[in-house]
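> Structure file work07.tsv, TSV, C-alpha atoms, is pasted below:
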```
chain	number	residue	atom	x	y	z
B	1	MET	CA	75.29	115.32	138.34
B	2	GLY	CA	74.28	116.93	135.07
B	3	LYS	CA	71.39	115.95	132.85
B	4	THR	CA	71.88	112.75	130.83
B	5	PRO	CA	72.29	113.71	127.16
B	6	ASP	CA	69.58	112.60	124.75
B	7	LEU	CA	71.31	110.99	121.76
B	8	LEU	CA	68.14	109.81	120.03
B	9	TYR	CA	66.21	111.67	117.33
B	10	SER	CA	62.72	112.91	118.13
B	11	GLU	CA	59.77	112.49	115.77
B	12	ASP	CA	59.99	116.17	114.83
B	13	GLU	CA	63.69	115.83	114.05
B	14	GLU	CA	63.05	112.82	111.83
B	15	ALA	CA	60.29	114.72	110.05
B	16	LEU	CA	62.69	117.61	109.50
B	17	ARG	CA	65.28	115.19	108.14
B	18	ALA	CA	62.78	113.71	105.70
B	19	ALA	CA	61.75	117.14	104.42
B	20	VAL	CA	65.35	118.29	103.94
B	21	ARG	CA	66.37	115.03	102.26
B	22	ASP	CA	63.43	115.19	99.85
B	23	LEU	CA	64.37	118.71	98.83
B	24	LEU	CA	68.05	117.86	98.39
B	25	THR	CA	67.20	114.73	96.39
B	26	ASP	CA	65.22	116.88	93.98
B	27	GLN	CA	67.56	119.87	93.75
B	28	CYS	CA	71.06	118.75	94.73
B	29	ASP	CA	72.09	115.74	92.67
B	30	ALA	CA	75.78	114.98	92.18
B	31	PRO	CA	76.05	116.11	88.52
B	32	ALA	CA	74.66	119.52	89.44
B	33	VAL	CA	77.10	119.93	92.33
B	34	ILE	CA	80.06	118.90	90.16
B	35	ALA	CA	78.99	121.31	87.43
B	36	ARG	CA	78.71	124.13	89.94
B	37	THR	CA	82.25	123.54	91.25
B	38	GLU	CA	83.47	124.14	87.71
B	39	SER	CA	81.61	127.44	87.41
B	40	ASP	CA	82.29	130.88	88.87
B	41	ARG	CA	79.29	130.52	91.23
B	42	PRO	CA	80.14	127.80	93.77
B	43	HIS	CA	76.94	128.26	95.76
B	44	ASP	CA	73.50	127.29	94.52
B	45	PRO	CA	71.26	130.35	95.10
B	46	GLU	CA	68.05	128.52	94.23
B	47	LEU	CA	68.77	125.71	96.65
B	48	TRP	CA	69.72	128.19	99.37
B	49	LYS	CA	66.48	130.10	98.76
B	50	ALA	CA	64.47	126.90	99.11
B	51	LEU	CA	66.28	125.87	102.29
B	52	GLY	CA	66.74	129.24	103.93
B	53	ASP	CA	63.64	131.15	102.91
B	54	SER	CA	60.94	128.69	101.85
B	55	MET	CA	61.68	126.12	104.58
B	56	GLY	CA	62.84	128.70	107.11
B	57	LEU	CA	66.02	126.80	107.97
B	58	ALA	CA	68.24	129.88	107.89
B	59	GLY	CA	66.51	131.06	111.04
B	60	LEU	CA	66.44	127.81	113.01
B	61	LEU	CA	68.64	129.21	115.79
B	62	VAL	CA	67.10	132.69	115.73
B	63	PRO	CA	64.38	133.43	118.35
B	64	GLU	CA	60.82	133.66	117.06
B	65	ALA	CA	60.60	137.27	118.24
B	66	LEU	CA	63.24	138.14	115.64
B	67	GLY	CA	61.59	136.26	112.79
B	68	GLY	CA	63.35	132.92	113.31
B	69	GLN	CA	62.14	129.45	114.18
B	70	GLY	CA	63.32	129.41	117.79
B	71	ALA	CA	64.65	125.86	117.41
B	72	THR	CA	67.80	124.40	118.94
B	73	HIS	CA	71.16	123.05	117.86
B	74	ARG	CA	69.64	119.57	117.72
B	75	GLU	CA	67.48	120.54	114.76
B	76	ALA	CA	70.35	122.41	113.13
B	77	ALA	CA	72.48	119.27	113.50
B	78	VAL	CA	69.89	117.20	111.64
B	79	VAL	CA	69.92	119.72	108.79
B	80	LEU	CA	73.72	119.59	108.66
B	81	GLU	CA	73.69	115.80	108.55
B	82	GLU	CA	71.62	115.93	105.37
B	83	LEU	CA	73.66	118.78	103.86
B	84	GLY	CA	76.80	116.71	104.49
B	85	ARG	CA	75.17	113.68	102.92
B	86	PHE	CA	74.68	115.62	99.69
B	87	VAL	CA	77.79	117.88	99.94
B	88	ALA	CA	75.33	120.72	99.39
B	89	PRO	CA	76.94	123.95	98.11
B	90	VAL	CA	75.11	126.33	100.46
B	91	PRO	CA	76.37	128.63	103.27
B	92	TYR	CA	74.29	127.03	106.02
B	93	LEU	CA	77.09	126.30	108.47
B	94	THR	CA	78.84	129.64	108.01
B	95	SER	CA	75.75	131.87	107.95
B	96	ALA	CA	72.87	130.12	109.74
B	97	VAL	CA	75.12	128.67	112.46
B	98	VAL	CA	78.45	130.46	112.93
B	99	ALA	CA	77.50	134.03	112.00
B	100	THR	CA	74.13	133.66	113.73
B	101	GLU	CA	75.74	132.37	116.94
B	102	ALA	CA	78.13	135.31	116.98
B	103	LEU	CA	75.23	137.74	116.66
B	104	LEU	CA	73.26	135.97	119.40
B	105	ALA	CA	76.10	136.89	121.76
B	106	CYS	CA	75.73	140.58	120.88
B	107	ASP	CA	73.38	142.95	122.67
B	108	SER	CA	72.81	145.85	120.31
B	109	ASP	CA	70.20	147.15	117.89
B	110	ALA	CA	72.58	146.60	114.99
B	111	ALA	CA	72.99	142.93	115.91
B	112	THR	CA	69.24	142.46	116.31
B	113	THR	CA	68.58	143.99	112.89
B	114	LEU	CA	71.18	141.77	111.28
B	115	LEU	CA	69.86	138.65	113.02
B	116	THR	CA	66.40	139.35	111.64
B	117	ALA	CA	67.88	139.70	108.16
B	118	LEU	CA	69.88	136.45	108.42
B	119	ALA	CA	66.79	134.58	109.63
B	120	THR	CA	65.05	135.20	106.30
B	121	GLY	CA	67.86	133.58	104.32
B	122	ARG	CA	67.80	136.51	101.89
B	123	THR	CA	70.88	137.94	103.62
B	124	THR	CA	73.92	135.80	104.37
B	125	GLY	CA	76.72	136.50	106.80
B	126	ALA	CA	80.21	135.20	107.41
B	127	LEU	CA	82.44	135.47	110.44
B	128	ALA	CA	85.74	137.01	109.28
B	129	VAL	CA	87.88	134.49	111.12
B	130	PRO	CA	89.99	131.88	109.26
B	131	LEU	CA	88.12	128.64	108.69
B	132	SER	CA	90.98	126.79	110.37
B	133	ALA	CA	90.57	128.68	113.66
B	134	GLY	CA	89.22	126.63	116.56
B	135	PRO	CA	87.30	127.88	119.60
B	136	ALA	CA	90.50	128.32	121.62
B	137	ALA	CA	92.56	129.91	118.83
B	138	PRO	CA	93.97	133.43	119.37
B	139	LEU	CA	91.77	136.07	117.79
B	140	LYS	CA	93.18	137.87	114.76
B	141	ALA	CA	91.81	141.41	114.47
B	142	VAL	CA	92.06	144.33	112.08
B	143	ARG	CA	92.75	147.97	112.94
B	144	HIS	CA	89.79	150.15	113.88
B	145	GLN	CA	90.06	153.88	113.33
B	146	ASP	CA	87.33	156.54	113.26
B	147	GLY	CA	84.51	154.11	112.55
B	148	THR	CA	86.35	152.31	109.76
B	149	LEU	CA	88.39	149.10	109.55
B	150	HIS	CA	91.82	148.58	108.01
B	151	GLY	CA	93.62	145.27	107.44
B	152	GLU	CA	93.54	141.90	105.74
B	153	LEU	CA	92.17	138.51	106.74
B	154	THR	CA	92.66	135.24	104.86
B	155	GLY	CA	90.95	131.88	104.67
B	156	ILE	CA	87.46	133.24	105.34
B	157	ALA	CA	84.85	130.62	104.43
B	158	ASP	CA	81.98	131.73	102.19
B	159	ALA	CA	83.10	135.37	102.28
B	160	ALA	CA	82.81	135.60	98.50
B	161	THR	CA	79.06	135.04	98.61
B	162	ALA	CA	78.26	136.75	101.93
B	163	ASP	CA	76.37	140.01	102.16
B	164	VAL	CA	77.77	140.95	105.57
B	165	LEU	CA	81.06	140.17	107.30
B	166	LEU	CA	81.45	140.07	111.07
B	167	VAL	CA	84.94	141.42	111.71
B	168	PRO	CA	86.88	141.57	115.02
B	169	GLY	CA	88.59	144.91	115.63
B	170	ASP	CA	91.81	145.59	117.52
B	171	ASP	CA	89.81	147.55	120.10
B	172	GLY	CA	88.17	144.30	121.23
B	173	ALA	CA	84.83	144.94	119.52
B	174	LEU	CA	83.02	143.04	116.77
B	175	TYR	CA	81.88	144.97	113.70
B	176	ALA	CA	79.53	144.36	110.76
B	177	VAL	CA	80.85	145.28	107.32
B	178	ASP	CA	78.80	145.09	104.12
B	179	THR	CA	80.75	143.30	101.39
B	180	ASP	CA	79.58	145.82	98.76
B	181	ALA	CA	80.74	148.80	100.81
B	182	PRO	CA	83.62	151.01	99.62
B	183	GLY	CA	87.01	149.82	100.81
B	184	VAL	CA	86.01	146.15	100.93
B	185	THR	CA	87.74	143.72	98.57
B	186	VAL	CA	87.00	139.99	98.64
B	187	THR	CA	89.38	137.85	96.58
B	188	ALA	CA	88.83	134.13	96.05
B	189	GLN	CA	91.59	131.82	97.27
B	190	THR	CA	92.38	128.33	96.04
B	191	ALA	CA	90.38	125.80	98.06
B	192	LEU	CA	90.44	122.02	98.10
B	193	ASP	CA	86.69	121.88	98.72
B	194	LEU	CA	85.14	123.96	95.95
B	195	THR	CA	81.67	123.65	97.50
B	196	ARG	CA	82.81	125.76	100.47
B	197	PRO	CA	85.06	128.45	98.97
B	198	ILE	CA	87.46	130.55	101.00
B	199	ALA	CA	88.59	134.11	100.31
B	200	ARG	CA	90.94	136.89	101.32
B	201	VAL	CA	89.23	139.97	102.75
B	202	SER	CA	90.99	143.32	102.44
B	203	LEU	CA	89.63	146.33	104.31
B	204	ASP	CA	90.77	149.85	103.42
B	205	ALA	CA	88.85	152.37	105.52
B	206	ALA	CA	85.77	150.16	105.25
B	207	PRO	CA	82.73	151.60	107.08
B	208	ALA	CA	81.72	149.42	110.00
B	209	ARG	CA	78.82	149.10	112.46
B	210	ARG	CA	79.69	148.08	116.02
B	211	LEU	CA	77.84	144.99	117.22
B	212	THR	CA	79.38	144.34	120.64
B	213	PRO	CA	82.36	145.59	122.64
B	214	ASP	CA	83.29	141.97	123.46
B	215	ALA	CA	84.32	140.28	120.23
B	216	GLU	CA	86.20	137.49	121.99
B	217	THR	CA	83.09	136.11	123.69
B	218	ALA	CA	81.01	136.31	120.51
B	219	VAL	CA	83.68	134.68	118.35
B	220	HIS	CA	84.31	131.91	120.87
B	221	ARG	CA	80.60	131.12	121.03
B	222	ALA	CA	80.38	131.06	117.24
B	223	LEU	CA	83.42	128.86	116.71
B	224	ARG	CA	82.36	126.46	119.44
B	225	ALA	CA	78.95	125.98	117.82
B	226	GLY	CA	80.59	125.68	114.41
B	227	ALA	CA	82.96	122.97	115.62
B	228	GLY	CA	80.25	121.09	117.49
B	229	LEU	CA	77.77	121.07	114.61
B	230	LEU	CA	80.43	120.42	111.98
B	231	ALA	CA	80.60	116.93	113.49
B	232	SER	CA	77.02	116.36	112.29
B	233	GLU	CA	77.98	117.38	108.76
B	234	GLN	CA	80.92	114.96	108.95
B	235	LEU	CA	78.54	112.27	110.19
B	236	GLY	CA	76.24	112.72	107.20
B	237	LEU	CA	79.20	112.64	104.84
B	238	ALA	CA	80.66	109.48	106.36
B	239	ASP	CA	77.27	107.76	106.43
B	240	TRP	CA	76.76	108.46	102.71
B	241	CYS	CA	80.21	107.09	101.90
B	242	LEU	CA	79.49	103.89	103.80
B	243	THR	CA	75.97	103.38	102.43
B	244	GLU	CA	76.96	104.09	98.82
B	245	THR	CA	80.04	101.88	99.03
B	246	VAL	CA	78.05	98.94	100.44
B	247	ARG	CA	75.48	99.36	97.67
B	248	TYR	CA	78.17	99.39	95.00
B	249	LEU	CA	80.03	96.38	96.38
B	250	LYS	CA	76.84	94.32	96.33
B	251	GLU	CA	76.54	94.97	92.59
B	252	ARG	CA	80.19	94.90	91.51
B	253	LYS	CA	81.39	91.36	90.74
B	254	GLN	CA	84.86	89.86	90.65
B	255	PHE	CA	85.56	86.18	89.91
B	256	ASN	CA	81.82	85.79	89.37
B	257	ARG	CA	80.87	86.86	92.90
B	258	PRO	CA	80.00	90.22	94.53
B	259	VAL	CA	83.10	92.07	95.68
B	260	GLY	CA	81.40	92.79	99.00
B	261	GLY	CA	81.40	89.07	99.75
B	262	PHE	CA	85.16	88.89	100.20
B	263	GLN	CA	86.17	88.66	103.86
B	264	SER	CA	88.82	91.39	103.73
B	265	ILE	CA	86.28	93.83	102.25
B	266	LYS	CA	83.75	92.94	104.94
B	267	HIS	CA	86.31	93.71	107.64
B	268	ARG	CA	87.05	97.13	106.15
B	269	LEU	CA	83.36	97.99	105.88
B	270	ALA	CA	82.67	96.77	109.41
B	271	GLN	CA	85.39	99.06	110.74
B	272	VAL	CA	83.88	102.06	108.94
B	273	TRP	CA	80.41	101.13	110.25
B	274	LEU	CA	81.69	101.07	113.83
B	275	GLU	CA	83.35	104.44	113.36
B	276	VAL	CA	80.19	105.97	111.87
B	277	VAL	CA	78.06	104.67	114.77
B	278	ASN	CA	80.48	106.15	117.29
B	279	THR	CA	80.58	109.42	115.37
B	280	ARG	CA	76.80	109.63	115.54
B	281	ALA	CA	76.94	109.33	119.33
B	282	ALA	CA	79.65	111.99	119.63
B	283	ALA	CA	77.91	114.38	117.21
B	284	ARG	CA	74.53	113.99	118.89
B	285	ASN	CA	76.11	114.54	122.29
B	286	ALA	CA	77.71	117.79	121.09
B	287	ALA	CA	74.45	119.01	119.54
B	288	ASP	CA	72.47	118.16	122.69
B	289	ALA	CA	75.06	119.88	124.90
B	290	LEU	CA	74.88	123.04	122.78
B	291	ALA	CA	71.08	122.94	122.79
B	292	THR	CA	70.78	122.50	126.56
B	293	ARG	CA	73.72	124.80	127.39
B	294	SER	CA	75.31	121.99	129.33
B	295	PRO	CA	78.27	122.85	131.58
B	296	ASP	CA	80.12	120.08	129.70
B	297	THR	CA	79.59	121.68	126.29
B	298	ASP	CA	83.28	122.44	125.73
B	299	ILE	CA	84.16	118.83	126.48
B	300	ALA	CA	81.39	117.47	124.24
B	301	VAL	CA	82.49	119.67	121.32
B	302	ALA	CA	86.15	118.73	121.72
B	303	VAL	CA	85.33	115.01	121.83
B	304	ALA	CA	83.06	115.28	118.77
B	305	GLN	CA	85.61	117.05	116.61
B	306	ALA	CA	88.56	114.99	117.79
B	307	TYR	CA	86.68	111.86	116.71
B	308	ALA	CA	84.51	112.91	113.74
B	309	ALA	CA	87.19	114.56	111.59
B	310	PRO	CA	89.40	111.48	111.05
B	311	VAL	CA	86.36	109.23	110.67
B	312	ALA	CA	84.97	111.33	107.83
B	313	VAL	CA	88.34	111.26	106.05
B	314	HIS	CA	88.68	107.49	106.55
B	315	ALA	CA	85.16	106.80	105.27
B	316	ALA	CA	85.74	108.96	102.19
B	317	GLU	CA	89.12	107.33	101.49
B	318	GLU	CA	87.61	103.85	101.78
B	319	ALA	CA	84.76	104.85	99.48
B	320	LEU	CA	87.21	106.10	96.87
B	321	GLN	CA	89.42	103.01	97.09
B	322	LEU	CA	86.60	100.46	97.13
B	323	HIS	CA	85.02	102.14	94.11
B	324	GLY	CA	88.32	101.58	92.34
B	325	GLY	CA	86.80	98.98	90.01
B	326	ILE	CA	85.03	101.69	88.02
B	327	GLY	CA	88.27	103.60	87.43
B	328	MET	CA	89.03	107.24	88.17
B	329	THR	CA	86.25	109.44	86.83
B	330	TRP	CA	85.35	113.05	87.55
B	331	GLU	CA	81.65	112.31	87.00
B	332	HIS	CA	81.44	110.10	90.10
B	333	PRO	CA	80.83	112.17	93.27
B	334	ALA	CA	83.33	110.29	95.47
B	335	HIS	CA	85.94	113.00	95.00
B	336	LEU	CA	83.52	115.64	96.32
B	337	TYR	CA	83.19	113.75	99.59
B	338	LEU	CA	86.93	113.21	99.98
B	339	LYS	CA	87.64	116.91	99.38
B	340	ARG	CA	84.92	118.01	101.81
B	341	ALA	CA	86.15	115.52	104.42
B	342	LYS	CA	89.76	116.69	104.10
B	343	ALA	CA	88.75	120.36	104.23
B	344	ASP	CA	86.47	119.74	107.21
B	345	SER	CA	89.32	118.00	109.04
B	346	ILE	CA	91.08	121.35	109.50
B	347	ALA	CA	87.93	123.48	109.87
B	348	TYR	CA	87.29	125.05	113.30
B	349	GLY	CA	90.37	123.37	114.69
B	350	THR	CA	92.14	120.13	113.79
B	351	ALA	CA	91.52	116.89	115.64
B	352	GLY	CA	94.90	117.32	117.32
B	353	ARG	CA	94.00	120.78	118.59
B	354	HIS	CA	90.72	119.49	119.97
B	355	ARG	CA	92.51	116.62	121.72
B	356	GLU	CA	94.85	119.16	123.31
B	357	ALA	CA	91.88	121.24	124.40
B	358	LEU	CA	90.17	118.15	125.79
B	359	ALA	CA	93.25	117.23	127.81
B	360	GLU	CA	93.23	120.68	129.41
B	361	LEU	CA	89.49	120.57	130.09
B	362	VAL	CA	89.67	117.26	131.93
B	363	ASP	CA	93.06	118.05	133.51
B	364	LEU	CA	94.86	115.21	131.76
B	365	GLN	CA	98.54	116.05	131.93
B	366	ALA	CA	100.98	114.97	129.24
B	367	PRO	CA	103.59	112.39	130.33
```
Could you render the structure as structure tokens?

Amino acid sequence: MGKTPDLLYSEDEEALRAAVRDLLTDQCDAPAVIARTESDRPHDPELWKALGDSMGLAGLLVPEALGGQGATHREAAVVLEELGRFVAPVPYLTSAVVATEALLACDSDAATTLLTALATGRTTGALAVPLSAGPAAPLKAVRHQDGTLHGELTGIADAATADVLLVPGDDGALYAVDTDAPGVTVTAQTALDLTRPIARVSLDAAPARRLTPDAETAVHRALRAGAGLLASEQLGLADWCLTETVRYLKERKQFNRPVGGFQSIKHRLAQVWLEVVNTRAAARNAADALATRSPDTDIAVAVAQAYAAPVAVHAAEEALQLHGGIGMTWEHPAHLYLKRAKADSIAYGTAGRHREALAELVDLQAP
């Protein structure tokens, strides 16, 4: 029998949570996030500098020998919970988790150099795989010829703000491409969640550095970690929606009594609370499995995403509806959470795809 997963938070993890929450409270309030979504700079560089460089969170998963913190996915999950709670417009998931995990699967000097750069937070990376691709999705590659890459990839999360792209080639290798190199064009695409922009990447004889001859293994590892830890972001988002909605319904009055006192409202909130509690268990299990390299990691990740994605959407929808008494207003952050929840529900594989993967993993045949 395998090791029993630890679903509780350690004292160090709670201290990390408190530090991240304090910083986000000071630098990531809702009006600032809304204003940034209306600008041509969706990411907050000052907030990313504080998180990635000053606090060292960009290098949580990077070994200490390479300038990182040498922490585990459990700590990264705590950070993502808080980032989800604030819908923070920073490339933590795409750079500090997904791109970093891909590089950790590479054994080359070029990968080591790039890992050291990502650990500082001053350089950001993005895996050039569509945001919708799950761990088991077929790998889309571009043509490699004479040390350069040719082709187009769409739906790449945070590519517009990345310094380096990790691109799979048709020869089976994974390559690093600088976004400011000749032959590289990154064009913004319309995204529902403006805090996590997507882009089209066009490569026309773009110079590339080979990172590993086995892109499939590196990409699978990256997408699996992305899917598993995305559940923690969805947990933070859903928890904020529940907490903020309960607070509002205690203050909002109808027929001279708090709206939250009506039985039908209590039932709806109780259902969301149960779903959030269960999501926390699934997300923590996935983070612990990734951290301990459990043989059941694939199962834990599939369960977490299959459950967390619809819960986050439901919590955000309930928050929006139960705030209906204040009317529709762009200034209230509820729409940010609904958009992030909906976008997250198709990120790194839909819930349906993860259920299909889970059925195969546990040998559960369809009727």
> If we count all atoms listed in the file, what is near Tyr92 in chain B at a cut-off of 10 Å, once residues fewer than 5 positions away on the same chain are taken out, given as number ranges by chain?
B: 48, 51-52, 57-58, 76, 79-80, 83, 97-99, 121, 124-125, 158
> Please determine, counting only C-alpha atoms, which residue among B:Asp180, B:Glu233, B:Asp22, B:Asp109 has the shortest atom-to-atom distance to Pro207 in chain B.
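Closest to Pro207 in chain B, using only C-alpha atoms: B:Asp180.
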> Could you tell me, as a PyMOL selection string, which residues have any atom at most 12 Å from (77.8, 129.6, 90.3), counting all atoms listed in the file?
chain B and resi 32-47+89-90+160-161+194-197
> Measuring atom to atom with all atoms listed in the file, identify which of B:Val186, B:Ala316, B:Ile346, B:Leu174 is nearest to Pro130 in chain B.
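For Pro130 in chain B, the nearest of the given residues is B:Ile346.
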> Which value, in Å to one decimal, gives the distance between CA of Asp363 in chain B and CA of Ile299 in chain B?
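Computed distance, CA of Asp363 in chain B to CA of Ile299 in chain B, equals 11.4 Å.
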> Please build the interface table for range 58-137 of chain B against range 337-341 of chain B with a cut-off of 12 Å, listing for each qualifying residue the nearest atom pair and the distance in Å to one decimal; count only C-alpha atoms, order rows by chain and increasing number, and write it as a tab-separated table.

```
residue	atom	partner	partner_atom	distance
B:Leu83	CA	B:Arg340	CA	11.5
B:Gly84	CA	B:Tyr337	CA	8.6
B:Arg85	CA	B:Tyr337	CA	8.7
B:Phe86	CA	B:Tyr337	CA	8.7
B:Val87	CA	B:Tyr337	CA	6.8
B:Ala88	CA	B:Arg340	CA	10.3
B:Pro89	CA	B:Arg340	CA	10.6
```
> Can you work out the spacing between CA of Ala126 in chain B and CA of Leu165 in chain B in Å, to one decimal?
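Interatomic distance here is 5.0 Å.
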> Using Å and a single decimal, report how far CA of Leu24 in chain B sits from CA of Gln189 in chain B.
27.4 Å
> Which neighbours of Thr190 in chain B fall inside 10 Å, counting all atoms listed in the file, when residues of the same chain fewer than 6 positions from it are skipped, and could you give them as JSON, numbers by chain?
{"B": [155, 197, 198, 199]}
> Need the neighbours of (66.9, 138.8, 105.6): which residues are at most 12 Å away, counting only C-alpha atoms, as a ChimeraX atom specification?
/B:49,52-53,56,58-59,62,66-68,95-96,112-125,163-164
> Name the residues in contact with range 330-336 of chain B at a cut-off of 7 Å, using only C-alpha atoms, excluding same-chain residues fewer than 6 positions from it; report them as a VMD selection string.
chain B and resid 30 to 31 319 to 320
> Quick one: residues within 8 Å of Asp170 in chain B, all atoms listed in the file counted, chain neighbours fewer than 3 positions away excluded, as an MDAnalysis selection string?
chainID B and resid 141:144 173
> Determine, counting only C-alpha atoms, which protein, DNA and RNA residues have an atom within 12 Å of an atom of Pro295 in chain B; residues of the same chain fewer than 2 positions away are not included. Present the result as an mmCIF file with C-alpha atoms, keeping the file's coordinate frame.

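Output file out-v2.cif is given in full below:
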```
data_model
loop_
_atom_site.group_PDB
_atom_site.id
_atom_site.type_symbol
_atom_site.label_atom_id
_atom_site.label_comp_id
_atom_site.auth_asym_id
_atom_site.auth_seq_id
_atom_site.Cartn_x
_atom_site.Cartn_y
_atom_site.Cartn_z
ATOM 1 C CA MET B 1 75.290 115.320 138.340
ATOM 2 C CA GLY B 2 74.280 116.930 135.070
ATOM 3 C CA LYS B 3 71.390 115.950 132.850
ATOM 4 C CA THR B 4 71.880 112.750 130.830
ATOM 5 C CA PRO B 5 72.290 113.710 127.160
ATOM 6 C CA ALA B 286 77.710 117.790 121.090
ATOM 7 C CA ASP B 288 72.470 118.160 122.690
ATOM 8 C CA ALA B 289 75.060 119.880 124.900
ATOM 9 C CA LEU B 290 74.880 123.040 122.780
ATOM 10 C CA ALA B 291 71.080 122.940 122.790
ATOM 11 C CA THR B 292 70.780 122.500 126.560
ATOM 12 C CA ARG B 293 73.720 124.800 127.390
ATOM 13 C CA THR B 297 79.590 121.680 126.290
ATOM 14 C CA ASP B 298 83.280 122.440 125.730
ATOM 15 C CA ILE B 299 84.160 118.830 126.480
ATOM 16 C CA ALA B 300 81.390 117.470 124.240
ATOM 17 C CA VAL B 301 82.490 119.670 121.320
ATOM 18 C CA LEU B 361 89.490 120.570 130.090
#
```
> Between B:Ser10, B:Thr25, B:Thr329, B:Thr212, which one has atoms that come closest to Ala102 in chain B, using all atoms listed in the file?
B:Thr212
> Between B:Pro63, B:Ala77, B:Pro168, B:Gly260, single out the one closest to Arg280 in chain B, counting only C-alpha atoms.
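So, comparing all the options, the nearest one is B:Ala77.
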> Smallest atom-to-atom distance to Leu211 in chain B: which of B:Asp171, B:Leu223, B:Cys106, B:Val259, using all atoms listed in the file?
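Closest to Leu211 in chain B of all the choices is B:Cys106.
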> In terms of the shortest atom-to-atom distance over all atoms listed in the file, which of B:Val219, B:Ala287, B:Ala302, B:Leu192 is closest to Arg353 in chain B?
B:Ala302
